[in-house]
>>> print(open('final13.tsv').read())   # TSV, C-alpha atoms and all ligand atoms
chain	number	residue	atom	x	y	z
S	147	MET	CA	0.00	0.00	0.00
S	148	ALA	CA	1.25	3.50	-0.85
S	149	GLU	CA	2.30	5.55	2.15
S	150	LYS	CA	-0.31	7.96	3.50
S	151	THR	CA	-0.08	11.45	1.98
S	152	ILE	CA	0.30	13.27	5.30
S	153	LEU	CA	3.18	11.02	6.34
S	154	ARG	CA	4.84	11.64	2.95
S	155	ALA	CA	4.53	15.42	3.39
S	156	LEU	CA	5.92	15.11	6.92
S	157	LYS	CA	8.98	13.35	5.48
S	158	GLY	CA	9.56	16.35	3.23
S	159	GLU	CA	7.85	15.40	-0.01
S	160	ALA	CA	6.18	18.14	-2.09
S	161	LEU	CA	2.95	16.55	-3.34
S	162	PRO	CA	1.00	17.75	-6.42
S	163	THR	CA	-2.05	18.29	-4.17
S	164	PRO	CA	-1.41	19.04	-0.50
S	165	PRO	CA	-3.13	16.70	1.96
S	166	ILE	CA	-5.82	18.42	4.06
S	167	TRP	CA	-7.23	18.34	7.54
S	168	MET	CA	-8.67	21.06	9.74
S	169	MET	CA	-8.13	22.08	13.37
S	170	ARG	CA	-11.34	21.43	15.38
S	171	GLN	CA	-12.72	19.52	12.39
S	172	ALA	CA	-14.92	17.61	14.84
S	173	GLY	CA	-16.89	20.40	16.44
S	174	ARG	CA	-20.02	22.42	16.93
S	175	TYR	CA	-20.33	23.67	13.31
S	176	LEU	CA	-21.41	20.09	12.44
S	177	PRO	CA	-25.00	19.05	13.30
S	178	GLU	CA	-23.88	15.43	13.76
S	179	TYR	CA	-21.31	16.59	16.38
S	180	ARG	CA	-23.98	18.54	18.27
S	181	ALA	CA	-26.21	15.46	18.29
S	182	THR	CA	-23.48	13.16	19.68
S	183	ARG	CA	-22.41	15.77	22.23
S	184	ALA	CA	-26.04	16.01	23.42
S	185	GLN	CA	-26.10	12.21	23.72
S	186	ALA	CA	-22.89	12.30	25.82
S	187	GLY	CA	-24.35	14.99	28.10
S	188	ASP	CA	-21.49	17.45	28.22
S	189	PHE	CA	-18.11	18.11	26.61
S	190	LEU	CA	-15.95	16.29	29.19
S	191	SER	CA	-18.25	13.25	29.22
S	192	LEU	CA	-17.78	13.15	25.45
S	193	CYS	CA	-13.97	13.32	25.82
S	194	TYR	CA	-13.96	10.43	28.30
S	195	ASN	CA	-16.41	8.19	26.38
S	196	PRO	CA	-14.23	6.21	23.93
S	197	GLU	CA	-17.08	5.08	21.64
S	198	LEU	CA	-18.60	8.55	21.34
S	199	ALA	CA	-15.23	10.34	21.11
S	200	ALA	CA	-14.25	7.98	18.29
S	201	GLU	CA	-17.63	8.61	16.65
S	202	VAL	CA	-17.17	12.41	16.58
S	203	THR	CA	-13.59	11.99	15.34
S	204	LEU	CA	-14.93	9.93	12.42
S	205	GLN	CA	-17.78	12.30	11.52
S	206	PRO	CA	-15.72	14.85	9.53
S	207	ILE	CA	-13.83	11.99	7.85
S	208	ARG	CA	-17.10	10.49	6.61
S	209	ARG	CA	-18.50	13.85	5.55
S	210	TYR	CA	-15.41	15.30	3.84
S	211	GLY	CA	-12.78	12.59	3.44
S	212	PHE	CA	-10.03	14.59	5.16
S	213	ASP	CA	-6.55	13.07	4.88
S	214	ALA	CA	-6.10	13.05	8.66
S	215	ALA	CA	-8.26	12.52	11.72
S	216	ILE	CA	-7.29	14.20	14.97
S	217	LEU	CA	-8.11	12.38	18.16
S	218	PHE	CA	-11.09	14.00	19.88
S	219	ALA	CA	-10.00	15.11	23.35
S	220	ASP	CA	-8.79	18.38	24.90
S	221	ILE	CA	-5.47	19.86	26.00
S	222	LEU	CA	-6.90	20.38	29.51
S	223	LEU	CA	-7.36	16.67	30.22
S	224	LEU	CA	-3.68	16.47	31.21
S	225	PRO	CA	-3.96	19.01	34.06
S	226	GLN	CA	-7.05	17.15	35.19
S	227	ALA	CA	-5.05	13.91	35.18
S	228	LEU	CA	-2.38	15.68	37.23
S	229	GLY	CA	-5.04	16.42	39.84
S	230	ALA	CA	-6.51	19.83	38.92
S	231	ASP	CA	-10.29	20.18	38.99
S	232	LEU	CA	-11.68	20.92	35.51
S	233	TRP	CA	-15.13	21.88	34.30
S	234	PHE	CA	-16.58	23.75	31.33
S	235	VAL	CA	-19.05	26.62	31.64
S	236	THR	CA	-21.39	26.65	28.66
S	237	GLY	CA	-20.85	29.69	26.48
S	238	GLU	CA	-17.75	30.73	28.46
S	239	GLY	CA	-15.11	28.01	28.35
S	240	PRO	CA	-12.93	26.03	30.72
S	241	ARG	CA	-12.49	26.52	34.47
S	242	LEU	CA	-9.80	24.87	36.59
S	243	SER	CA	-8.69	24.96	40.20
S	244	THR	CA	-5.69	27.29	40.18
S	245	ILE	CA	-2.04	26.37	40.80
S	246	THR	CA	-0.34	29.49	42.18
S	247	THR	CA	1.40	28.39	45.41
S	248	GLN	CA	3.96	25.77	46.34
S	249	GLY	CA	1.18	24.01	48.27
S	250	ASP	CA	-1.03	23.83	45.15
S	251	PHE	CA	1.91	22.43	43.21
S	252	ASP	CA	2.81	19.86	45.87
S	253	ALA	CA	-0.72	18.46	45.67
S	254	LEU	CA	-0.26	17.58	41.97
S	255	LYS	CA	0.38	13.97	40.99
S	256	PRO	CA	3.67	12.86	39.45
S	257	ALA	CA	3.71	12.50	35.66
S	258	SER	CA	3.86	8.71	35.90
S	259	GLU	CA	0.38	8.68	37.50
S	260	VAL	CA	-1.65	10.40	34.77
S	261	HIS	CA	-2.63	7.22	32.96
S	262	ASP	CA	-5.59	6.10	35.08
S	263	VAL	CA	-7.55	9.26	34.27
S	264	LEU	CA	-6.39	9.28	30.63
S	265	ALA	CA	-7.01	5.59	29.91
S	266	PRO	CA	-10.31	6.32	28.06
S	267	VAL	CA	-8.39	8.60	25.67
S	268	TYR	CA	-5.98	5.77	24.82
S	269	GLU	CA	-9.01	3.55	24.24
S	270	THR	CA	-10.41	6.15	21.78
S	271	VAL	CA	-7.10	6.02	19.88
S	272	LYS	CA	-7.29	2.21	19.72
S	273	ILE	CA	-10.83	2.28	18.34
S	274	LEU	CA	-9.81	4.88	15.75
S	275	SER	CA	-6.77	3.01	14.57
S	276	ARG	CA	-9.09	0.07	13.84
S	277	GLU	CA	-11.91	2.04	12.26
S	278	LEU	CA	-10.33	4.81	10.21
S	279	PRO	CA	-10.10	4.38	6.43
S	280	LYS	CA	-6.69	2.91	5.59
S	281	ASP	CA	-5.43	6.06	3.84
S	282	THR	CA	-6.35	8.41	6.75
S	283	THR	CA	-3.58	9.40	9.18
S	284	LEU	CA	-4.40	9.39	12.90
S	285	ILE	CA	-2.98	12.42	14.73
S	286	GLY	CA	-2.66	12.45	18.51
S	287	PHE	CA	-2.06	15.69	20.40
S	288	ALA	CA	-1.35	17.52	23.62
S	289	GLY	CA	-1.09	21.13	24.67
S	290	ALA	CA	2.43	22.53	24.95
S	291	PRO	CA	3.54	23.16	28.56
S	292	TRP	CA	3.35	26.98	28.40
S	293	THR	CA	-0.19	27.02	26.98
S	294	VAL	CA	-1.46	24.41	29.44
S	295	ALA	CA	0.27	26.25	32.30
S	296	THR	CA	-1.54	29.49	31.39
S	297	TYR	CA	-4.87	27.74	32.07
S	298	MET	CA	-3.63	25.99	35.23
S	299	ILE	CA	-2.28	29.20	36.74
S	300	ALA	CA	-5.25	31.43	35.84
S	301	GLY	CA	-7.92	28.75	36.29
S	302	ARG	CA	-9.43	29.81	32.96
S	303	GLY	CA	-8.63	31.22	29.53
S	304	THR	CA	-7.24	34.75	29.63
S	305	PRO	CA	-6.82	37.32	26.82
S	306	ASP	CA	-3.18	38.16	27.66
S	307	GLN	CA	-2.07	35.21	29.83
S	308	GLY	CA	-1.54	37.79	32.56
S	309	PRO	CA	-1.61	35.49	35.62
S	310	ALA	CA	0.99	33.11	34.08
S	311	HIS	CA	3.27	36.03	33.18
S	312	ALA	CA	2.83	37.37	36.72
S	313	LEU	CA	3.77	34.05	38.34
S	314	LYS	CA	6.80	33.85	36.04
S	315	ALA	CA	7.90	37.27	37.31
S	316	GLU	CA	7.09	36.71	40.99
S	317	ASN	CA	8.06	33.09	41.58
S	318	ARG	CA	10.10	31.80	38.68
S	319	ALA	CA	11.08	28.59	40.50
S	320	LEU	CA	7.44	27.60	40.97
S	321	PHE	CA	6.56	28.63	37.41
S	322	GLU	CA	9.40	26.49	36.07
S	323	ALA	CA	8.41	23.56	38.30
S	324	ILE	CA	4.89	23.65	36.80
S	325	LEU	CA	6.35	23.66	33.27
S	326	GLU	CA	8.69	20.81	34.17
S	327	ARG	CA	5.81	18.68	35.46
S	328	LEU	CA	3.93	19.41	32.25
S	329	VAL	CA	6.93	18.46	30.08
S	330	GLU	CA	7.10	15.09	31.88
S	331	GLY	CA	3.33	14.57	31.78
S	332	THR	CA	3.13	15.46	28.10
S	333	ILE	CA	5.84	12.93	27.24
S	334	GLU	CA	3.92	10.24	29.17
S	335	TYR	CA	0.59	11.18	27.61
S	336	LEU	CA	1.78	11.40	24.00
S	337	SER	CA	3.88	8.29	24.30
S	338	LYS	CA	0.80	6.27	25.35
S	339	GLN	CA	-1.19	7.77	22.46
S	340	VAL	CA	1.50	6.52	20.07
S	341	GLU	CA	1.50	3.05	21.69
S	342	ALA	CA	-2.28	3.00	21.20
S	343	GLY	CA	-1.97	3.79	17.47
S	344	ALA	CA	-1.43	7.53	16.85
S	345	GLU	CA	0.82	7.85	13.77
S	346	CYS	CA	1.84	11.44	14.34
S	347	VAL	CA	1.48	13.86	17.25
S	348	LYS	CA	0.89	17.59	17.40
S	349	LEU	CA	1.84	20.00	20.19
S	350	PHE	CA	-0.56	22.95	20.48
S	351	ASP	CA	1.15	26.06	21.86
S	352	SER	CA	-1.79	28.38	21.30
S	353	TRP	CA	-0.34	31.16	23.46
S	354	ALA	CA	3.31	30.92	22.33
S	355	GLY	CA	2.97	34.37	20.77
S	356	SER	CA	2.72	36.05	24.17
S	357	LEU	CA	6.24	34.85	25.08
S	358	LYS	CA	8.80	37.36	23.86
S	359	GLY	CA	12.55	37.16	23.27
S	360	GLU	CA	14.38	34.91	25.72
S	361	ASP	CA	11.10	33.81	27.33
S	362	PHE	CA	10.03	32.33	23.99
S	363	ASP	CA	13.24	30.31	23.76
S	364	ARG	CA	13.02	29.09	27.37
S	365	TYR	CA	9.31	28.37	27.68
S	366	ALA	CA	8.08	27.59	24.15
S	367	LEU	CA	11.11	26.33	22.24
S	368	ALA	CA	13.05	24.44	24.94
S	369	PRO	CA	10.05	22.43	26.28
S	370	ALA	CA	9.05	21.46	22.70
S	371	LYS	CA	12.61	20.36	22.02
S	372	ARG	CA	12.71	18.15	25.13
S	373	ILE	CA	9.33	16.58	24.48
S	374	ILE	CA	10.17	15.88	20.82
S	375	ALA	CA	13.61	14.43	21.63
S	376	GLU	CA	12.19	12.05	24.23
S	377	LEU	CA	9.25	10.98	22.03
S	378	LYS	CA	11.57	10.27	19.11
S	379	ALA	CA	13.92	8.32	21.39
S	380	ARG	CA	11.00	6.16	22.53
S	381	HIS	CA	9.34	5.95	19.10
S	382	PRO	CA	11.97	6.24	16.34
S	383	GLY	CA	10.63	7.90	13.19
S	384	LEU	CA	7.55	9.38	14.91
S	385	PRO	CA	6.57	12.57	13.05
S	386	VAL	CA	5.78	15.59	15.20
S	387	ILE	CA	3.93	18.79	14.26
S	388	ALA	CA	4.62	21.84	16.43
S	389	PHE	CA	2.21	24.80	16.56
S	390	PRO	CA	3.79	27.81	18.26
S	391	ARG	CA	0.82	30.00	17.39
S	392	GLU	CA	1.55	33.65	16.62
S	393	ALA	CA	5.29	33.06	16.91
S	394	GLY	CA	5.82	35.53	14.03
S	395	GLU	CA	9.56	35.89	13.31
S	396	LYS	CA	10.16	33.09	15.82
S	397	TYR	CA	8.68	30.60	13.35
S	398	VAL	CA	11.98	30.92	11.48
S	399	GLY	CA	14.24	28.04	12.51
S	400	PHE	CA	11.70	26.62	14.99
S	401	ALA	CA	11.54	23.19	13.31
S	402	LYS	CA	15.32	22.83	13.21
S	403	ALA	CA	15.77	24.05	16.77
S	404	THR	CA	13.11	21.73	18.25
S	405	GLY	CA	13.41	18.70	15.96
S	406	ALA	CA	9.79	19.07	14.79
S	407	ASP	CA	9.02	17.60	11.36
S	408	CYS	CA	6.47	20.27	10.59
S	409	VAL	CA	5.57	23.70	11.86
S	410	ALA	CA	1.91	24.71	11.83
S	411	LEU	CA	1.39	28.35	10.86
S	412	ASP	CA	-1.35	30.68	12.02
S	413	ASN	CA	-2.85	33.11	9.53
S	414	SER	CA	-1.00	36.18	10.81
S	415	VAL	CA	1.96	35.25	8.59
S	416	ALA	CA	1.81	35.64	4.80
S	417	PRO	CA	2.18	32.28	3.01
S	418	GLU	CA	4.78	33.75	0.61
S	419	TRP	CA	6.90	34.90	3.57
S	420	ALA	CA	6.49	31.52	5.30
S	421	ALA	CA	7.43	29.65	2.11
S	422	ALA	CA	10.67	31.63	1.86
S	423	ASN	CA	11.56	31.63	5.57
S	424	VAL	CA	10.00	28.58	7.23
S	425	GLN	CA	9.23	25.99	4.54
S	426	ILE	CA	12.88	26.06	3.44
S	427	ASP	CA	13.54	23.87	6.51
S	428	GLY	CA	10.79	21.33	5.82
S	429	CYS	CA	7.07	20.70	5.98
S	430	VAL	CA	4.66	23.46	6.96
S	431	GLN	CA	0.97	23.25	7.80
S	432	GLY	CA	-1.63	25.95	7.35
S	433	ASN	CA	-2.73	28.64	7.11
S	434	LEU	CA	-6.15	29.79	5.87
S	435	ALA	CA	-7.96	32.20	8.24
S	436	SER	CA	-10.81	30.26	9.86
S	437	SER	CA	-13.12	33.27	9.28
S	438	HIS	CA	-13.34	32.14	5.62
S	439	MET	CA	-15.29	29.11	6.87
S	440	VAL	CA	-17.94	31.59	8.02
S	441	THR	CA	-17.88	34.00	5.09
S	442	GLY	CA	-17.15	31.66	2.13
S	443	GLY	CA	-17.48	32.86	-1.46
S	444	GLU	CA	-14.84	34.25	-3.82
S	445	ALA	CA	-12.56	35.40	-1.01
S	446	LEU	CA	-12.36	31.85	0.37
S	447	VAL	CA	-11.50	30.49	-3.08
S	448	ARG	CA	-8.89	33.15	-3.81
S	449	GLU	CA	-7.12	32.87	-0.45
S	450	THR	CA	-7.16	29.05	-0.59
S	451	GLN	CA	-5.55	29.15	-4.06
S	452	ARG	CA	-3.00	31.69	-2.90
S	453	ILE	CA	-1.89	29.43	-0.02
S	454	VAL	CA	-1.68	26.30	-2.19
S	455	GLU	CA	0.36	28.20	-4.77
S	456	ALA	CA	2.68	29.84	-2.24
S	457	PHE	CA	3.60	26.48	-0.68
S	458	ARG	CA	3.63	24.47	-3.92
S	459	GLY	CA	7.44	24.27	-4.10
S	460	GLY	CA	7.82	22.22	-0.90
S	461	PRO	CA	6.12	19.94	1.60
S	462	HIS	CA	2.77	21.35	2.74
S	463	ILE	CA	-0.27	20.14	4.65
S	464	PHE	CA	-3.26	22.37	4.03
S	465	ASN	CA	-5.06	23.51	7.19
S	466	LEU	CA	-6.62	26.55	8.80
S	467	GLY	CA	-4.58	29.04	10.83
S	468	HIS	CA	-6.59	28.15	13.95
S	469	GLY	CA	-9.63	26.04	14.83
S	470	ILE	CA	-12.87	26.27	12.86
S	471	THR	CA	-15.51	28.20	14.82
S	472	PRO	CA	-19.05	27.05	15.72
S	473	ASP	CA	-20.64	29.63	13.37
S	474	ALA	CA	-18.88	28.17	10.29
S	475	ASP	CA	-20.97	26.88	7.38
S	476	PRO	CA	-20.24	23.19	6.61
S	477	GLU	CA	-20.61	23.99	2.89
S	478	ASN	CA	-17.67	26.38	3.04
S	479	VAL	CA	-15.49	23.52	4.28
S	480	GLN	CA	-16.43	21.55	1.18
S	481	LEU	CA	-15.66	24.58	-1.01
S	482	MET	CA	-12.20	24.86	0.58
S	483	ILE	CA	-11.47	21.16	-0.01
S	484	ASP	CA	-12.72	21.31	-3.62
S	485	THR	CA	-10.57	24.38	-4.23
S	486	VAL	CA	-7.41	22.79	-2.79
S	487	ARG	CA	-7.94	19.63	-4.83
S	488	ALA	CA	-8.64	21.57	-8.04
S	489	THR	CA	-5.58	23.84	-7.64
S	490	ARG	CA	-3.03	21.31	-8.81
S	491	ALA	CA	0.35	21.76	-10.41
S	501	LIG	O1	-8.91	19.72	16.60
S	501	LIG	C1	-9.72	18.84	16.96
S	501	LIG	O2	-10.79	18.65	16.37
S	501	LIG	C2	-9.32	17.92	18.11
S	501	LIG	C3	-9.93	18.18	19.37
S	501	LIG	C4	-9.49	19.42	20.12
S	501	LIG	C5	-10.37	20.14	20.96
S	501	LIG	N1	-9.67	21.09	21.62
S	501	LIG	C6	-11.81	19.89	21.10
S	501	LIG	C7	-12.66	20.92	21.71
S	501	LIG	C8	-8.24	20.01	20.24
S	501	LIG	C9	-6.95	19.69	19.50
S	501	LIG	C10	-8.35	21.05	21.20
S	501	LIG	C11	-7.21	21.87	21.62
S	501	LIG	C12	-7.42	22.93	22.59
S	501	LIG	N2	-8.29	22.96	23.64
S	501	LIG	C13	-6.65	24.11	22.63
S	501	LIG	C14	-5.49	24.42	21.72
S	501	LIG	C15	-5.90	24.78	20.34
S	501	LIG	C16	-6.61	26.07	20.21
S	501	LIG	O3	-7.77	26.06	19.77
S	501	LIG	O4	-5.99	27.12	20.50
S	501	LIG	C17	-7.12	24.89	23.69
S	501	LIG	C18	-6.60	26.25	24.08
S	501	LIG	C19	-8.13	24.15	24.34
S	501	LIG	C20	-8.88	24.51	25.56
S	501	LIG	C21	-10.31	24.66	25.28
S	501	LIG	N3	-11.17	23.62	24.98
S	501	LIG	C22	-11.05	25.86	25.26
S	501	LIG	C23	-10.48	27.23	25.50
S	501	LIG	C24	-12.37	25.51	24.95
S	501	LIG	C25	-13.57	26.42	24.95
S	501	LIG	C26	-13.62	27.30	23.76
S	501	LIG	C27	-14.67	26.82	22.83
S	501	LIG	O5	-14.38	26.72	21.62
S	501	LIG	O6	-15.78	26.59	23.30
S	501	LIG	C28	-12.42	24.11	24.72
S	501	LIG	C29	-13.58	23.32	24.35
S	501	LIG	C30	-13.46	22.43	23.15
S	501	LIG	N4	-12.39	21.65	22.84
S	501	LIG	C31	-14.47	22.23	22.18
S	501	LIG	C32	-13.97	21.27	21.28
S	501	LIG	C33	-14.69	20.66	20.10
S	501	LIG	C34	-15.84	22.85	22.20
S	501	LIG	C35	-16.60	22.14	23.27
S	501	LIG	C36	-18.07	21.95	23.04
S	501	LIG	O7	-18.48	21.01	22.33
S	501	LIG	O8	-18.82	22.72	23.66
>>> encode(input="final13.tsv", output="structure tokens")
Amino acid sequence: MAEKTILRALKGEALPTPPIWMMRQAGRYLPEYRATRAQAGDFLSLCYNPELAAEVTLQPIRRYGFDAAILFADILLLPQALGADLWFVTGEGPRLSTITTQGDFDALKPASEVHDVLAPVYETVKILSRELPKDTTLIGFAGAPWTVATYMIAGRGTPDQGPAHALKAENRALFEAILERLVEGTIEYLSKQVEAGAECVKLFDSWAGSLKGEDFDRYALAPAKRIIAELKARHPGLPVIAFPREAGEKYVGFAKATGADCVALDNSVAPEWAAANVQIDGCVQGNLASSHMVTGGEALVRETQRIVEAFRGGPHIFNLGHGITPDADPENVQLMIDTVRATRA
């Protein structure tokens, strides 16, 4: 059997048509997702129900035939497995018990003890590796330590990651201890996903862009490098996608410095710039603005073609610059896919 297109792109091959998947491809813009989520009761019950989590992972594959499926779970399951309380407030987002003192930190579990809570996620991966079409790549994922720490420290999502920056300034030893625990936990978590059948893993550093200068190197780049080195030591040949969102100029050289096989780009960088400065080192993923999935039309077609053409000279996985939003129109997703597949060399 020919190797899967995403795995070929991750090895550095420029394909005539880039393979496609979409961040948050299983989500609220799809009526079938909303129905399964209602059946599960709430979002976390869906994440921890292997049959239903596998079902929602498969829904966008059935509907659109994406080249990859991403495990349905959440980056905040790891802090929960480390002992933080986690719940979701409808219409607002996640809430966690906060970790801001040495006492809070001391109550966390060691990284080796996360697997009991996360066992249902590994079961979801096993079901998916059995049930996915044979040409679809299964992607596992985790949040990067800095991004996960921003939620653990603040107890919620924050516009500027203020509480995490404050802890970094006021008690750097504690801040670094939290990151260290997350590095170890992430290695454990991703390693088990790979053992269960994930063929590639992605690290989501959604808030990497708020780390500047040396902080970026210490708290976005260095943790990614350690996680990737350890995963590749345990699983030789495992491809890894890193997403230091809004890294801007710091995207340059990120793959080489961390050992990532692919860097995912947000839509704040121009594809022509990224082709010249980032794709020269290997595979890139991205980077259509997810707002086009709401607005559609000629602008969607033009921007999709522009991205395919800009990255045509090298390895590229087509994706959005960030997750698709609940107000997106499922027909615009089809228009994007048709446009990518029609824009061939
Ligand atoms: O991409 C996928 O389809 C895989 C599944 C996935 C989810 N979350 C499902 C989800 C992945 C990879 C994530 C990552 C994630 N989760 C990130 C990093 C990527 C990013 O988007 O920046 C972050 C920061 C989180 C934390 C999180 N989870 C927030 C802030 C929220 C609430 C915001 C929202 O969109 O409501 C979630 C909930 C969440 N995670 C949903 C989904 C499908 C929506 C939950 C629902 O059904 O109500």
>>> residues_near_point(input="final13.tsv", point="(7.2, 34.0, 23.6)", cutoff="10 Å", atoms="only C-alpha atoms", output="NGL selection string")
:S and (292 or 353-367 or 390-394 or 396)
>>> residues_near_point(input="final13.tsv", point="(-4.4, 28.8, 35.3)", cutoff="10 Å", atoms="all atoms listed in the file", output="list in words")
Pro225, Ala230, Arg241, Leu242, Ser243, Thr244, Ile245, Thr246, Thr293, Val294, Ala295, Thr296, Tyr297, Met298, Ile299, Ala300, Gly301, Arg302, Gly303, Thr304, Gln307, Gly308, Pro309 and Ala310 of chain S
>>> closest_residue(input="final13.tsv", among="S:Gly286, S:Pro196, S:Gly229, S:Pro279", to="Lys150 (chain S)", atoms="only C-alpha atoms")
S:Pro279
>>> closest_residue(input="final13.tsv", among="S:Ala214, S:Met169, S:Met482, S:Ala160", to="ligand LIG 501 (chain S)", atoms="all atoms listed in the file")
S:Met169
>>> residues_around(input="final13.tsv", residues="Thr203 (chain S)", least_positions_apart="4", cutoff="7 Å", atoms="all atoms listed in the file", output="mmCIF file with C-alpha atoms, keeping the file's coordinate frame")
data_model
loop_
_atom_site.group_PDB
_atom_site.id
_atom_site.type_symbol
_atom_site.label_atom_id
_atom_site.label_comp_id
_atom_site.auth_asym_id
_atom_site.auth_seq_id
_atom_site.Cartn_x
_atom_site.Cartn_y
_atom_site.Cartn_z
ATOM 1 C CA ALA S 172 -14.920 17.610 14.840
ATOM 2 C CA ALA S 199 -15.230 10.340 21.110
ATOM 3 C CA ALA S 215 -8.260 12.520 11.720
ATOM 4 C CA ILE S 216 -7.290 14.200 14.970
ATOM 5 C CA LEU S 217 -8.110 12.380 18.160
ATOM 6 C CA PHE S 218 -11.090 14.000 19.880
#
>>> closest_residue(input="final13.tsv", among="S:Ala435, S:Glu322, S:Gly459, S:Phe389", to="Ala422 (chain S)", atoms="all atoms listed in the file")
S:Gly459
>>> residues_near_ligand(input="final13.tsv", ligand="ligand LIG 501 (chain S)", cutoff="8 Å", atoms="all atoms listed in the file", output="PyMOL selection string")
chain S and resi 168-174+179-180+183+188-189+203+216-222+234+236-240+287-289+293-294+302-303+350-353+468-469+471-472
>>> atom_distance(input="final13.tsv", atom1="CA of Thr404 (chain S)", atom2="CA of Ala155 (chain S)")
18.3 Å
>>> closest_residue(input="final13.tsv", among="S:Pro369, S:Lys402, S:Ile470, S:Pro164", to="Thr450 (chain S)", atoms="all atoms listed in the file")
S:Pro164
>>> axis_aligned_box(input="final13.tsv", around="region 174-189 of chain S", padding_each_side="4 Å", output="lines of an AutoDock Vina configuration file")
center_x = -22.2
center_y = 17.9
center_z = 20.3
size_x = 16.1
size_y = 19.5
size_z = 23.8
>>> closest_residue(input="final13.tsv", among="S:Tyr210, S:Tyr175, S:Trp233, S:Trp167", to="Leu190 (chain S)", atoms="all atoms listed in the file")
S:Trp233
>>> atom_distance(input="final13.tsv", atom1="CA of Pro417 (chain S)", atom2="CA of Leu284 (chain S)")
25.8 Å
>>> closest_residue(input="final13.tsv", among="S:Leu192, S:Ala388, S:Leu313, S:Val235", to="Gln248 (chain S)", atoms="all atoms listed in the file")
S:Leu313
>>> atom_distance(input="final13.tsv", atom1="CA of Val440 (chain S)", atom2="CA of Pro305 (chain S)")
22.6 Å
>>> decode(input="final13.tsv", residues="region 307-318 of chain S", atoms="N, CA, C and O atoms", output="CSV table (one decimal), in the first residue's frame")
chain,number,residue,atom,x,y,z
S,307,GLN,N,-2.8,36.2,29.0
S,307,GLN,CA,-2.1,35.2,29.8
S,307,GLN,C,-1.4,35.9,31.0
S,307,GLN,O,-0.4,35.5,31.5
S,308,GLY,N,-2.1,37.0,31.5
S,308,GLY,CA,-1.5,37.8,32.6
S,308,GLY,C,-1.1,37.0,33.8
S,308,GLY,O,0.0,37.2,34.3
S,309,PRO,N,-2.0,36.2,34.4
S,309,PRO,CA,-1.6,35.5,35.6
S,309,PRO,C,-0.4,34.6,35.4
S,309,PRO,O,0.5,34.5,36.4
S,310,ALA,N,-0.2,34.0,34.3
S,310,ALA,CA,1.0,33.1,34.1
S,310,ALA,C,2.2,34.0,34.0
S,310,ALA,O,3.3,33.7,34.5
S,311,HIS,N,2.1,35.1,33.3
S,311,HIS,CA,3.3,36.0,33.2
S,311,HIS,C,3.6,36.6,34.6
S,311,HIS,O,4.8,36.8,34.9
S,312,ALA,N,2.6,36.8,35.4
S,312,ALA,CA,2.8,37.4,36.7
S,312,ALA,C,3.5,36.3,37.6
S,312,ALA,O,4.5,36.7,38.3
S,313,LEU,N,3.1,35.1,37.5
S,313,LEU,CA,3.8,34.1,38.3
S,313,LEU,C,5.2,33.9,37.9
S,313,LEU,O,6.1,33.7,38.7
S,314,LYS,N,5.4,34.0,36.6
S,314,LYS,CA,6.8,33.8,36.0
S,314,LYS,C,7.7,35.0,36.6
S,314,LYS,O,8.8,34.7,36.9
S,315,ALA,N,7.1,36.1,36.8
S,315,ALA,CA,7.9,37.3,37.3
S,315,ALA,C,8.1,37.2,38.8
S,315,ALA,O,9.2,37.5,39.3
S,316,GLU,N,7.1,36.7,39.5
S,316,GLU,CA,7.1,36.7,41.0
S,316,GLU,C,7.7,35.5,41.6
S,316,GLU,O,8.3,35.6,42.7
S,317,ASN,N,7.6,34.3,41.0
S,317,ASN,CA,8.1,33.1,41.6
S,317,ASN,C,8.5,32.2,40.4
S,317,ASN,O,7.8,31.2,40.1
S,318,ARG,N,9.6,32.5,39.9
S,318,ARG,CA,10.1,31.8,38.7
S,318,ARG,C,10.3,30.3,39.0
S,318,ARG,O,10.1,29.5,38.1
